[in-house]
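Have a look at the structure below before the remarks.
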Amino acid sequence: MGVAPSSYDIPRARTVGVPRGRDRGGIPRDAWLLAGSVLVFVAVTVWWLTQDDRVQEWDNGLHTLLAFGVHDQLSSGNLTSWFTEFNTYPPLVHLIGAMAVFIAGKSPMAVIIASNIVFVPLLAASCYGVGQLAYGPRAGLLAGLFALGTPIFVSQMHVFMIDPPEAAMVAASVWAILASKRFERVGIAALAGLAVGLALMTKETSIIFLAGLVAVAILRGGWRNWRGLLAFLLIAAAISLPWYIYHVAQLHGLVEGQGGTGAAPTVESAPPLLTHKSLLWYFWAALNVQVLAPLLLFLFVGIILTIRDCFKRWTPENLGPELLGGAFVSWLGITLIRHKDMRFTLPALIYIAVLATGWIVLARPRLRLAATAVLVAILAINFLGVSIGIGHAVRIALPGAPPGALRTRQLTLYSPEGYIRGGPEHDGDILALMRELKRAGLRTITFDAGSTDVPDFTQYGLQVRAIQAGLTATAVYNLGALGPHDGFMVRHFPQPGDALPCQRLNDGSGVYIELGNPVKPFETYTLLCPGRHPAIYQRTAPLSLETQIQMHPEITGASRAMLVKVLLALHRQGVQALAFDHASADELFYQPPGLERLAALEQLPVPPGLTPQQLTSSDAYLLRKPITHGSPPPCGRFPDGSGLYVVRGNPLLAHPQYACPLHYRTRRPDVLEPPSG
């Protein structure tokens, strides 16, 4: 198969990306095709945003809020806070989002479209540039299309995250570094320093994805070109180093935090380092979420052929060592970070795209044509599938495949799911509800911390919607301070008798807005839903027993006095443990919390998890049942006419012993029929 044709060797000065023998003033047809693909990509993103009304998930909403915050600081005259304040990440992406807010206002669409307009063309152009340098314009086109059709990139450009921008900045850095001819061209090397500096101002991990490439370039002759290398390092440091020095203490703590599992949301996301689970984590991620099996096969073929090519022809024009070195160090460096996430290897897309496609243009004509057709078809299917949400995932499960988001020991051939957004969905339209609440005169809105635990109903995403609607989200979570003009939004699965929700979500839950202090049973909420008649309403069905118990946890009156006498007598007789029949504990005068409180008052232990079969003669069992003719006298009567009965030992025997401590103090209790139920 060989290396790239000599007509596509690394060009000298002023010929970057232009094949020899071609009019330098013209733009290759492949570049025009890629530019058209970029326009389609961005247009589909805009369409997607008009069709999807879900609340932003966690990090997506967080980064949007950070962009809003930078905008507010700049508009108030604080021109340095974007640099001085630390929110875990460098500020470049949030600055771009803030600029979009100045132009289009505060909305997720504004910041997401801005990210698309800036970083999608940059990534595509950089993939084209690197592919052209290594293999020619057609390889550049295929590499750019590969990036635009990678499932995780398509999905991540529908949200506002920093990993896709990082991927674009890393790709631009790789392009400039390779175009500098290992730092021989000082001007291009300085441009590479600019790109690297901006990449480091996008996310801290950018250094991992560039270290291998820079190291190989230096070892392969870059060390001789000290002027270009110095310009590269000085400019990269001048752009990024001030921010890193200013925040060195916070960054040190951040690095230390990655040493444990605390930084990861699940154990699956933080396997022990150097174990097979850790070393193979990103392989399974690429196979089942990021790239999927068909594109990964193209990558494996490209890696094998590139390694073979390096052994056959180790020449300065062969850029395979740089691409392989960059890809390997990217994988190794990210793998050695304890906390793992599907997004974290996205900046390696430049290496993946070029290695997976470069070999195609060097193949024999028939193989080249077939491979190109198959690749383009796969990319189009991925792009449309994730963007529109067509069909269902197609997977092959290997023997012993465990469950989990990583899908270990599975091969995913096709999936419209993306990460973590697939096709657009309508889910309630919380923004419209927020605007109605604003018009209804609501002063503030607070979001229930306990129910904002799913991707489509998060604290960050709800805060973004509140800002977008002009509502004030409370800065401090103090439910007791909420008044009649303050709203409390909660996601709740309606139960029989519950009031209708203001909106229903796709998971079957309902969105409710409580007026005032919500620290009370849900069934007693005073609810607000603009557009309903009446707009302020409550539950009309009788309260459930659970709610009544929650409101009145103490047993009172004559029932309390009777139970206290019985429990005191049991305590005096040396009862070691107490249990009660939960099936009959279904009235306010005889209910579990009240019984446990009274037992504690009389110093009778009620061990949790103690089953009736485990009770011995030194234990007592309480139950409530109707008083029938011929039955033994109860220890007492309840207001509904039922009686309280006491069994010593196991109440599930054929002939349990009823023994009321008030009736039988010295003699053996009568043996009677077993309790009903």
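By order in the structure tokens, chains are A, B, ...; within a chain, residues start at 1; ligands start at 1, following the order shown.
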Find the residues around Val354 of chain A up to 8 Å (only C-alpha atoms counted), leave out those fewer than 6 positions away in its own chain, and share them as a PyMOL selection string. chain A and resi 127+130-131+139-140+143
Deliver the residues from the most recent selection as a file, using all heavy atoms, as a CSV table (one decimal), in the first residue's frame.
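As a result, selection_16.csv now contains:
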chain,number,residue,atom,x,y,z
A,127,CYS,N,-9.1,18.7,10.4
A,127,CYS,CA,-9.0,17.4,10.0
A,127,CYS,C,-8.6,17.3,8.5
A,127,CYS,O,-7.8,16.5,8.1
A,127,CYS,CB,-10.3,16.6,10.2
A,127,CYS,SG,-10.7,16.3,11.9
A,130,VAL,N,-4.8,18.3,8.3
A,130,VAL,CA,-3.9,17.2,8.7
A,130,VAL,C,-3.9,16.0,7.7
A,130,VAL,O,-2.9,15.5,7.3
A,130,VAL,CB,-4.2,16.7,10.1
A,130,VAL,CG1,-3.4,15.5,10.4
A,130,VAL,CG2,-4.0,17.8,11.1
A,131,GLY,N,-5.1,15.7,7.2
A,131,GLY,CA,-5.3,14.6,6.2
A,131,GLY,C,-4.6,14.9,4.9
A,131,GLY,O,-3.9,14.1,4.3
A,139,ALA,N,-7.9,12.5,1.2
A,139,ALA,CA,-7.8,12.0,2.6
A,139,ALA,C,-8.3,13.1,3.6
A,139,ALA,O,-8.9,12.8,4.6
A,139,ALA,CB,-6.4,11.6,3.0
A,140,GLY,N,-8.0,14.4,3.3
A,140,GLY,CA,-8.5,15.4,4.1
A,140,GLY,C,-10.0,15.5,4.1
A,140,GLY,O,-10.6,15.7,5.2
A,143,ALA,N,-11.3,12.6,6.2
A,143,ALA,CA,-11.0,12.8,7.7
A,143,ALA,C,-12.0,13.8,8.2
A,143,ALA,O,-12.6,13.6,9.3
A,143,ALA,CB,-9.6,13.3,7.9
Hey, what does DSSP flag as alpha helix (DSSP H) within segment 233-334 of chain A? Can you give it to me as a ChimeraX atom specification? /A:233-246,248-257,276-279,281-285,293-312,320-334
Residues within 10 Å of Trp48 of chain A, only C-alpha atoms, excluding chain neighbours under 4 positions, as a list in words: Val42, Ala43, Val44, Asp52, Asp53, Met109, His158, Ser387, Ile388, Gly422, Gly423, Pro424 and Glu425 of chain A
Convert the current residue selection to file output with N, CA and C atoms, as a tab-separated table (two decimals), in the first residue's frame.
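Once everything was written out, this is selection10.tsv:
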chain	number	residue	atom	x	y	z
A	42	VAL	N	-24.24	22.24	10.76
A	42	VAL	CA	-24.71	23.35	11.60
A	42	VAL	C	-26.20	23.58	11.40
A	43	ALA	N	-26.68	23.48	10.16
A	43	ALA	CA	-28.11	23.68	9.89
A	43	ALA	C	-28.95	22.63	10.61
A	44	VAL	N	-28.49	21.39	10.61
A	44	VAL	CA	-29.23	20.33	11.30
A	44	VAL	C	-29.23	20.58	12.81
A	52	ASP	N	-36.35	20.33	20.04
A	52	ASP	CA	-36.13	19.72	21.35
A	52	ASP	C	-36.38	20.77	22.44
A	53	ASP	N	-37.30	20.46	23.37
A	53	ASP	CA	-37.59	21.42	24.45
A	53	ASP	C	-37.26	20.85	25.83
A	109	MET	N	-30.00	27.86	23.14
A	109	MET	CA	-29.78	27.89	21.70
A	109	MET	C	-28.67	28.85	21.31
A	158	HIS	N	-25.05	19.14	20.08
A	158	HIS	CA	-26.43	19.55	20.36
A	158	HIS	C	-26.56	20.08	21.78
A	387	SER	N	-28.97	12.54	14.88
A	387	SER	CA	-29.62	13.84	14.77
A	387	SER	C	-31.14	13.74	14.80
A	388	ILE	N	-31.69	12.71	14.17
A	388	ILE	CA	-33.14	12.59	14.06
A	388	ILE	C	-33.70	11.56	15.04
A	422	GLY	N	-29.88	11.99	21.88
A	422	GLY	CA	-30.10	11.44	20.55
A	422	GLY	C	-30.98	12.38	19.75
A	423	GLY	N	-32.04	11.85	19.17
A	423	GLY	CA	-32.94	12.69	18.41
A	423	GLY	C	-33.69	13.67	19.29
A	424	PRO	N	-34.25	14.73	18.70
A	424	PRO	CA	-34.98	15.72	19.50
A	424	PRO	C	-36.24	15.13	20.11
A	425	GLU	N	-36.61	15.63	21.28
A	425	GLU	CA	-37.80	15.14	21.97
A	425	GLU	C	-38.57	16.32	22.55
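When only C-alpha atoms are used to compute distances to Val255 of chain A, the closest of the residues A:Ser330, A:Thr315, A:Thr88, A:Ser509 turns out to be A:Thr88.
Atom CA of Arg224 of chain A sits 16.8 Å away from atom CA of Glu322 of chain A.
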Using only C-alpha atoms, which of A:Gln468, A:Val301, A:Val646, A:Leu34 sits nearest Val101 of chain A? A:Gln468
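For the pair atom CA of Ala104 of chain A and atom CA of Phe41 of chain A, the separation is 20.5 Å.
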Within 12 Å of segment 449-453 of chain A: each segment 505-525 of chain A residue with its shortest pair, only C-alpha atoms, as a tab-separated table:
residue	atom	partner	partner_atom	distance
A:Ser509	CA	A:Ser451	CA	10.0
A:Gly510	CA	A:Ser451	CA	10.8
A:Val511	CA	A:Ser451	CA	10.0
A:Tyr512	CA	A:Ser451	CA	11.2
A:Pro518	CA	A:Ala449	CA	12.0
